[in-house]
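Here the structure is laid out as C-alpha cells; the discussion comes afterwards.
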Amino acid sequence: MVFQGSSTAISHTGKVRSNNQDSGYCGSNLFVVADGMGGHAGGDVASSLAVHRLEELDHPYDSTAEAERALQRAISETATELISTVGRKPELAGMGTTVTALVMVDEFAVVAHIGDSRLYLYRGGALTQITTDHTFVQRLVDSGRITPEEARHHPRRSVLMRVLGDMSPDPEVDTFIMPTQPGDRWLLCSDGLSGVVDDAHTAKALAQDMAPARTADVLLKQALDGGAPDNVTIVIVDVGGQHPIFSGTPTIVGAASTPLGVEVPAARSGRGGWLHLRSQAANEPTHYEPAAEYLEELIEEDRRRGRRRRVWWIIGFVLALAALAAVAYGCYQWTQTRYYVGADENTVVIYRGIQQTIGPIALSSPHEDTQILLANLPSYQRQAVIETIPAESLNDAMAIVDNLRPREGSR
C-alpha cells in the first residue's frame with residue numbers, strides 16, 4: 001500500500017562549506033538522508049550513489065520483512081559500488097557516506113541506519129531519537145565516561161565508528177521495525193542540523209503542527225542562525241494528518257540532485273593522513289572512519305583529557321574552598337571588632353564579637369568580667385543585660401558598664 005501522509009525534503013550547503021556533500025530523498029514510501037565524506041573528491045559522489053541506489057526501493061511492499069531485506073541488500077550493494085567506483089577512480093579513495101533510511105509499510109516504519117545522521121520520532125508532544133550514532137563519543141556516552149551534553153562539544157564528536165564506505169563490502173547496518181500511527185512526525189536529518197539545533201528547539205518546531213515544508217524551513221533557519229558549519233539536510237514525514245497527501249514526482253535534494261558524472265578533482269598529497277584531516281579547512285571532511293590502531297590513540301587521548309579535567313576540577317575546588325575560607329575569615333575578623341554587654345552566670349560581662357553561632361563555632365568570647373553582680377542591678381537593667389546590650393566599640397561597652405555600676409549610697 002502506498003504511504004498515506006505528507007512529506008518534504010530540503011538541503012543546504014550551510015554557511016561554511018563550499019559544496020554540499022549531503023543527499024536527501026523523499027518519495028512515496030521511501031525517505032533517506034545520506035551525509036557524504038571524503039572532501040571535494042568524494043563525499044558528494046558517495047552520498048549520491050547511496051541515494052540513487054536506494055531510490056529503486058521506493059514502492060509498496062507486501063511485508064515489513066521484505067522491506068527490511070531490500071534495505072539491507074541495497075546498502076550492501078551500495079558498498080560494493082563505492083569500492084568499484086574507487087577502483088575506477090583512485091582519487092576518490094577514502095570516500096564514504098552515512099545512510100539513514102525509512103520505508104513505510106502499512107502501519108509500520110522499517111529503518112536502516114549507519115553513521116551519525118539521525119532519525120527522530122515526534123509523538124504525543126515528545127521527541128525521541130530513534131537511531132544511535134555510530135560515533136566515538138557515543139561509545140563514551142554509552143560507557144558512562146561522558147554525558148550527552150559533553151558529547152555535543154567533544155573535539156572528537158565527528159569520528160565515525162561505522163560508515164558506508166570503500167573499505168568493506170559488508171557494512172554493519174542497524175535495521176529494525178517500529179509501529180507508527182496517525183499524527184506521528186518522523187524527522188531524518190544530517191548532523192548539520194542535530195549538531196547545531198538541540199532537541200528542545202527541534203521539538204518546539206515540530207510541535208507547531210505546520211506543514212512539513214514549512215517546518216523544515218523553520219529548522220533550517222535555526223541551523224543557519226546557529227552558524228551552520230556543515231551541510232544541512234532535513235526530511236520530514238507526517239503520518240496521516242491534516243496536510244495534503246504526498247503525490248507526484250519524488251524529491252531529491254543535495255548532491256544527488258546533480259548529475260553524478262561531474263569531473264572529480266585531482267587528489268591532494270597527504271590526503272589519507274589522520275592528523276592531516278584534523279587540521280584541514282572548513283570545507284574539508286569533518287568525519288571519517290578510524291582504523292583500529294587509531295581508535296586506541298583516541299581512547300588514550302580521551303583518558304588524558306579526563307585526567308586533565310579531573311586535575312582542573314580539583315584545582316578549581318581547592319581554589320573555591322580557599323576563597324570561601326578567606327571570605328569566612330574576613331567575616332570572622334569583622335565580628336571581632338564588635339562588642340556587647342551580657343551576663344555570665346551571676347555577673348555582668350563585656351563580650352567581644354556578635355551573639356551568633358555557626359554550628360559549634362561561637363562568634364563571641366568574654367572580654368572582661370566586670371564583677372558587677374546581676375543581683376545588685378534594678379530589675380529592668382538586669383533584664384536588659386540578660387537579653388544583651390549591643391555596643392559600637394569597646395569604649396561604648398565600657399560606658400554602658402559604667403552606667404550599670406551601682407553608685408555609692410544608692411542601696
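We label chains A, B, ... in the order they appear in the C-alpha cells, count residues from 1 in each chain, and number ligands from 1 in the order shown.
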
Within 8 Å of Gly42 of chain A, counting only C-alpha atoms, which residues qualify if same-chain residues fewer than 6 places away don't, as a short mmCIF file (atom, residue, chain, number, x, y, z; two decimals) with N, CA and C atoms, in the first residue's frame?
```
data_model
loop_
_atom_site.label_atom_id
_atom_site.label_comp_id
_atom_site.auth_asym_id
_atom_site.auth_seq_id
_atom_site.Cartn_x
_atom_site.Cartn_y
_atom_site.Cartn_z
N GLY A 36 27.65 12.63 3.02
CA GLY A 36 28.89 12.15 2.43
C GLY A 36 30.12 12.70 3.10
N LEU A 92 39.24 8.99 -5.58
CA LEU A 92 38.10 9.00 -4.67
C LEU A 92 38.32 8.16 -3.42
N ALA A 93 39.52 7.57 -3.28
CA ALA A 93 39.79 6.69 -2.14
C ALA A 93 39.51 7.41 -0.82
N GLY A 94 38.85 6.71 0.08
CA GLY A 94 38.51 7.29 1.38
C GLY A 94 37.12 7.89 1.45
N MET A 95 36.41 7.89 0.34
CA MET A 95 35.06 8.47 0.39
C MET A 95 34.11 7.53 1.11
N GLY A 96 33.05 8.09 1.62
CA GLY A 96 32.04 7.29 2.31
C GLY A 96 30.82 8.14 2.58
N VAL A 264 35.84 14.85 -11.34
CA VAL A 264 36.36 14.68 -9.98
C VAL A 264 37.70 15.39 -9.87
#
```

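When the distance limit is 8 Å and only C-alpha atoms are what count, the residues near Leu193 of chain A, minus those fewer than 4 positions from it on the same chain, are Cys189, Val197, Leu219, Leu220, Ala223, Ala228, Val232, Thr233 and Ile234 of chain A.
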
Same residues, C-alpha atoms, saved as a tab-separated table (two decimals), in the first residue's frame:
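selection-v4.tsv, freshly written:
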```tsv
chain	number	residue	atom	x	y	z
A	189	CYS	CA	18.49	14.76	9.30
A	197	VAL	CA	19.96	22.71	16.92
A	219	LEU	CA	14.54	24.05	11.36
A	220	LEU	CA	16.90	25.07	8.55
A	223	ALA	CA	20.65	25.77	11.89
A	228	ALA	CA	25.60	26.07	10.08
A	232	VAL	CA	22.18	20.65	6.50
A	233	THR	CA	19.70	18.09	5.13
A	234	ILE	CA	16.20	17.59	6.51
```

With a distance cut-off of 7 Å and only C-alpha atoms, select the neighbouring residues of Ser365 of chain A, excluding the residue or stretch itself and same-chain residues fewer than 4 positions from it, and output the selection as a PyMOL selection string.
chain A and resi 351-353

Selected residues written out, N, CA and C atoms, as a short mmCIF file (atom, residue, chain, number, x, y, z; two decimals), in the first residue's frame:
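That gives us result-v5.cif:
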```cif
data_model
loop_
_atom_site.label_atom_id
_atom_site.label_comp_id
_atom_site.auth_asym_id
_atom_site.auth_seq_id
_atom_site.Cartn_x
_atom_site.Cartn_y
_atom_site.Cartn_z
N TYR A 351 31.47 41.24 76.23
CA TYR A 351 31.82 40.21 75.24
C TYR A 351 32.38 40.86 73.97
N ARG A 352 33.33 40.18 73.40
CA ARG A 352 33.87 40.60 72.10
C ARG A 352 33.29 39.70 71.02
N GLY A 353 32.76 40.31 69.93
CA GLY A 353 32.15 39.55 68.84
C GLY A 353 30.67 39.84 68.75
#
```

If DSSP is run on the backbone, what residues of segment 16-181 of chain A are alpha helix (DSSP H)? A reply as a PyMOL selection string would be ideal.
chain A and resi 43-54+64-88+136-142+148-152

Write the residues of the preceding selection, restricted to C-alpha atoms, as a PDB file, in the first residue's frame.
```
ATOM      1  CA  GLY A  43      31.692  12.923  -0.309  1.00  0.00           C
ATOM      2  CA  ASP A  44      29.106  14.167  -2.758  1.00  0.00           C
ATOM      3  CA  VAL A  45      29.702  11.161  -5.020  1.00  0.00           C
ATOM      4  CA  ALA A  46      29.264   8.695  -2.149  1.00  0.00           C
ATOM      5  CA  SER A  47      26.004  10.179  -0.864  1.00  0.00           C
ATOM      6  CA  SER A  48      24.648  10.461  -4.416  1.00  0.00           C
ATOM      7  CA  LEU A  49      25.436   6.825  -5.172  1.00  0.00           C
ATOM      8  CA  ALA A  50      23.699   5.758  -1.978  1.00  0.00           C
ATOM      9  CA  VAL A  51      20.527   7.749  -2.615  1.00  0.00           C
ATOM     10  CA  HIS A  52      20.230   6.707  -6.256  1.00  0.00           C
ATOM     11  CA  ARG A  53      20.749   3.051  -5.348  1.00  0.00           C
ATOM     12  CA  LEU A  54      18.130   3.232  -2.588  1.00  0.00           C
ATOM     13  CA  THR A  64       7.959  -5.340   6.643  1.00  0.00           C
ATOM     14  CA  ALA A  65      10.370  -8.274   6.418  1.00  0.00           C
ATOM     15  CA  GLU A  66      10.522  -7.859   2.660  1.00  0.00           C
ATOM     16  CA  ALA A  67      11.278  -4.146   3.016  1.00  0.00           C
ATOM     17  CA  GLU A  68      13.957  -4.801   5.638  1.00  0.00           C
ATOM     18  CA  ARG A  69      15.703  -7.350   3.408  1.00  0.00           C
ATOM     19  CA  ALA A  70      15.536  -4.927   0.486  1.00  0.00           C
ATOM     20  CA  LEU A  71      17.186  -2.179   2.535  1.00  0.00           C
ATOM     21  CA  GLN A  72      19.957  -4.481   3.755  1.00  0.00           C
ATOM     22  CA  ARG A  73      20.617  -5.751   0.240  1.00  0.00           C
ATOM     23  CA  ALA A  74      20.606  -2.277  -1.324  1.00  0.00           C
ATOM     24  CA  ILE A  75      23.008  -0.835   1.240  1.00  0.00           C
ATOM     25  CA  SER A  76      25.377  -3.764   0.828  1.00  0.00           C
ATOM     26  CA  GLU A  77      25.250  -3.313  -2.955  1.00  0.00           C
ATOM     27  CA  THR A  78      25.980   0.380  -2.478  1.00  0.00           C
ATOM     28  CA  ALA A  79      29.144  -0.509  -0.552  1.00  0.00           C
ATOM     29  CA  THR A  80      30.199  -2.758  -3.436  1.00  0.00           C
ATOM     30  CA  GLU A  81      29.507   0.067  -5.887  1.00  0.00           C
ATOM     31  CA  LEU A  82      31.592   2.509  -3.828  1.00  0.00           C
ATOM     32  CA  ILE A  83      34.512   0.057  -3.875  1.00  0.00           C
ATOM     33  CA  SER A  84      34.114  -0.426  -7.629  1.00  0.00           C
ATOM     34  CA  THR A  85      33.981   3.342  -8.203  1.00  0.00           C
ATOM     35  CA  VAL A  86      37.206   3.872  -6.245  1.00  0.00           C
ATOM     36  CA  GLY A  87      38.790   1.110  -8.327  1.00  0.00           C
ATOM     37  CA  ARG A  88      37.998   3.098 -11.475  1.00  0.00           C
ATOM     38  CA  PHE A 136      33.439   7.511  19.084  1.00  0.00           C
ATOM     39  CA  VAL A 137      31.798   9.937  21.534  1.00  0.00           C
ATOM     40  CA  GLN A 138      28.568   7.912  21.570  1.00  0.00           C
ATOM     41  CA  ARG A 139      30.620   4.958  22.806  1.00  0.00           C
ATOM     42  CA  LEU A 140      31.953   7.206  25.562  1.00  0.00           C
ATOM     43  CA  VAL A 141      28.381   8.204  26.455  1.00  0.00           C
ATOM     44  CA  ASP A 142      27.200   4.585  26.415  1.00  0.00           C
ATOM     45  CA  PRO A 148      25.336  13.594  26.303  1.00  0.00           C
ATOM     46  CA  GLU A 149      25.893  17.330  26.791  1.00  0.00           C
ATOM     47  CA  GLU A 150      29.670  16.834  26.904  1.00  0.00           C
ATOM     48  CA  ALA A 151      29.385  14.743  23.731  1.00  0.00           C
ATOM     49  CA  ARG A 152      27.870  17.725  21.867  1.00  0.00           C
TER      50      ARG A 152
END
```

Atom pair atom CA of Ala256 of chain A / atom CA of Leu187 of chain A: separation (Å):
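Rounded to one decimal, the two atoms are 19.2 Å apart.
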
Got a sec: who's within 10 Å of segment 121-135 of chain A, counting only C-alpha atoms, leaving out chain neighbours fewer than 4 positions off, as an MDAnalysis selection string?
chainID A and resid 98 100 111:117 139:141 156:163 173:176 178 180:188 191 199:200 202:204 206:207 236:238 287:290

Output for the residues just chosen: N, CA and C atoms as a short mmCIF file (atom, residue, chain, number, x, y, z; two decimals), in the first residue's frame:
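selection.cif was written with the following content:
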```cif
data_model
loop_
_atom_site.label_atom_id
_atom_site.label_comp_id
_atom_site.auth_asym_id
_atom_site.auth_seq_id
_atom_site.Cartn_x
_atom_site.Cartn_y
_atom_site.Cartn_z
N THR A 98 27.13 8.39 5.38
CA THR A 98 26.16 7.85 6.32
C THR A 98 24.90 7.54 5.53
N THR A 100 20.68 6.99 6.56
CA THR A 100 19.54 6.77 7.43
C THR A 100 18.32 6.73 6.52
N VAL A 111 13.41 0.72 9.30
CA VAL A 111 14.53 1.65 9.40
C VAL A 111 15.85 0.94 9.12
N ALA A 112 16.72 1.61 8.37
CA ALA A 112 18.10 1.17 8.18
C ALA A 112 19.01 2.36 8.49
N HIS A 113 20.11 2.08 9.21
CA HIS A 113 20.93 3.20 9.69
C HIS A 113 22.38 2.80 9.84
N ILE A 114 23.27 3.67 9.37
CA ILE A 114 24.71 3.55 9.61
C ILE A 114 25.29 4.95 9.60
N GLY A 115 26.11 5.27 10.61
CA GLY A 115 26.72 6.59 10.67
C GLY A 115 26.12 7.46 11.75
N ASP A 116 26.18 8.79 11.54
CA ASP A 116 25.70 9.71 12.57
C ASP A 116 24.60 10.65 12.10
N SER A 117 24.02 10.38 10.92
CA SER A 117 22.75 11.05 10.62
C SER A 117 21.71 10.45 11.57
N ARG A 139 30.10 6.07 22.00
CA ARG A 139 30.62 4.96 22.81
C ARG A 139 31.02 5.45 24.19
N LEU A 140 31.58 6.65 24.26
CA LEU A 140 31.95 7.21 25.56
C LEU A 140 30.71 7.48 26.39
N VAL A 141 29.64 7.97 25.74
CA VAL A 141 28.38 8.20 26.45
C VAL A 141 27.80 6.88 26.94
N ARG A 156 36.23 15.19 19.45
CA ARG A 156 36.19 14.04 18.54
C ARG A 156 34.76 13.62 18.23
N ARG A 157 33.83 14.53 18.33
CA ARG A 157 32.42 14.16 18.15
C ARG A 157 32.10 13.71 16.73
N SER A 158 32.96 14.01 15.75
CA SER A 158 32.66 13.65 14.37
C SER A 158 33.38 12.38 13.91
N VAL A 159 34.09 11.72 14.80
CA VAL A 159 34.78 10.49 14.40
C VAL A 159 33.78 9.35 14.35
N LEU A 160 33.61 8.78 13.17
CA LEU A 160 32.64 7.70 12.97
C LEU A 160 33.28 6.34 13.20
N MET A 161 32.56 5.47 13.88
CA MET A 161 33.00 4.10 14.09
C MET A 161 32.46 3.17 12.99
N ARG A 162 31.36 3.57 12.39
CA ARG A 162 30.77 2.80 11.28
C ARG A 162 30.33 3.75 10.19
N VAL A 163 30.58 3.38 8.95
CA VAL A 163 30.20 4.24 7.84
C VAL A 163 30.09 3.36 6.59
N VAL A 173 25.06 -2.65 9.41
CA VAL A 173 23.96 -1.69 9.36
C VAL A 173 22.91 -2.06 10.40
N ASP A 174 22.41 -1.06 11.13
CA ASP A 174 21.30 -1.30 12.06
C ASP A 174 20.00 -1.29 11.27
N THR A 175 19.20 -2.33 11.41
CA THR A 175 17.86 -2.34 10.82
C THR A 175 16.86 -2.78 11.88
N PHE A 176 15.70 -2.18 11.87
CA PHE A 176 14.65 -2.55 12.81
C PHE A 176 13.31 -2.05 12.30
N MET A 178 9.41 -0.56 13.46
CA MET A 178 8.66 0.10 14.53
C MET A 178 7.23 0.34 14.08
N THR A 180 3.95 2.57 13.67
CA THR A 180 3.69 4.00 13.58
C THR A 180 2.20 4.23 13.61
N GLN A 181 1.78 5.46 13.80
CA GLN A 181 0.36 5.76 13.94
C GLN A 181 0.06 7.16 13.42
N PRO A 182 -1.20 7.43 13.06
CA PRO A 182 -1.56 8.76 12.57
C PRO A 182 -1.16 9.84 13.57
N GLY A 183 -0.61 10.91 13.06
CA GLY A 183 -0.15 12.01 13.91
C GLY A 183 1.34 11.98 14.18
N ASP A 184 2.00 10.85 13.90
CA ASP A 184 3.45 10.78 14.08
C ASP A 184 4.15 11.72 13.11
N ARG A 185 5.23 12.33 13.57
CA ARG A 185 6.10 13.13 12.69
C ARG A 185 7.49 12.51 12.78
N TRP A 186 8.00 12.05 11.64
CA TRP A 186 9.33 11.47 11.57
C TRP A 186 10.28 12.50 10.98
N LEU A 187 11.45 12.64 11.59
CA LEU A 187 12.46 13.59 11.12
C LEU A 187 13.75 12.83 10.85
N LEU A 188 14.21 12.89 9.61
CA LEU A 188 15.53 12.38 9.24
C LEU A 188 16.41 13.60 8.98
N ASP A 191 23.94 15.55 10.50
CA ASP A 191 24.41 16.19 11.73
C ASP A 191 24.58 17.69 11.57
N ASP A 199 17.68 19.29 20.89
CA ASP A 199 16.40 18.58 20.82
C ASP A 199 15.23 19.44 21.26
N ALA A 200 15.45 20.32 22.24
CA ALA A 200 14.36 21.14 22.74
C ALA A 200 13.81 22.06 21.66
N THR A 202 14.25 21.61 18.38
CA THR A 202 13.70 20.76 17.33
C THR A 202 12.27 20.36 17.66
N ALA A 203 12.06 19.93 18.90
CA ALA A 203 10.72 19.52 19.34
C ALA A 203 9.74 20.69 19.25
N LYS A 204 10.19 21.88 19.61
CA LYS A 204 9.32 23.06 19.56
C LYS A 204 8.87 23.34 18.13
N LEU A 206 8.68 21.11 15.63
CA LEU A 206 7.79 20.03 15.19
C LEU A 206 6.42 20.14 15.85
N ALA A 207 6.37 20.71 17.04
CA ALA A 207 5.11 20.80 17.79
C ALA A 207 4.14 21.83 17.21
N ILE A 236 11.22 15.43 6.45
CA ILE A 236 10.13 15.31 7.43
C ILE A 236 9.01 14.48 6.83
N VAL A 237 8.51 13.52 7.60
CA VAL A 237 7.45 12.63 7.13
C VAL A 237 6.32 12.65 8.17
N ASP A 238 5.15 13.10 7.77
CA ASP A 238 3.97 13.09 8.63
C ASP A 238 3.10 11.89 8.26
N HIS A 287 34.16 14.23 9.35
CA HIS A 287 34.09 12.93 9.99
C HIS A 287 34.60 11.85 9.06
N TYR A 288 35.14 10.84 9.67
CA TYR A 288 35.85 9.80 8.95
C TYR A 288 35.86 8.56 9.81
N GLU A 289 36.08 7.43 9.19
CA GLU A 289 36.04 6.15 9.92
C GLU A 289 37.45 5.80 10.39
N PRO A 290 37.67 5.60 11.71
CA PRO A 290 39.02 5.36 12.20
C PRO A 290 39.50 3.94 11.96
#
```

Which one is closest to Ile252 of chain A: A:Ser6, A:Gly24, A:Asn19, A:Pro406? Count only C-alpha atoms.
A:Gly24

Contact residues around Met398 of chain A with only C-alpha atoms at 12 Å, ignoring same-chain residues under 3 positions, as a PyMOL selection string
chain A and resi 339-341+348-352+367-370+389-395+401-405
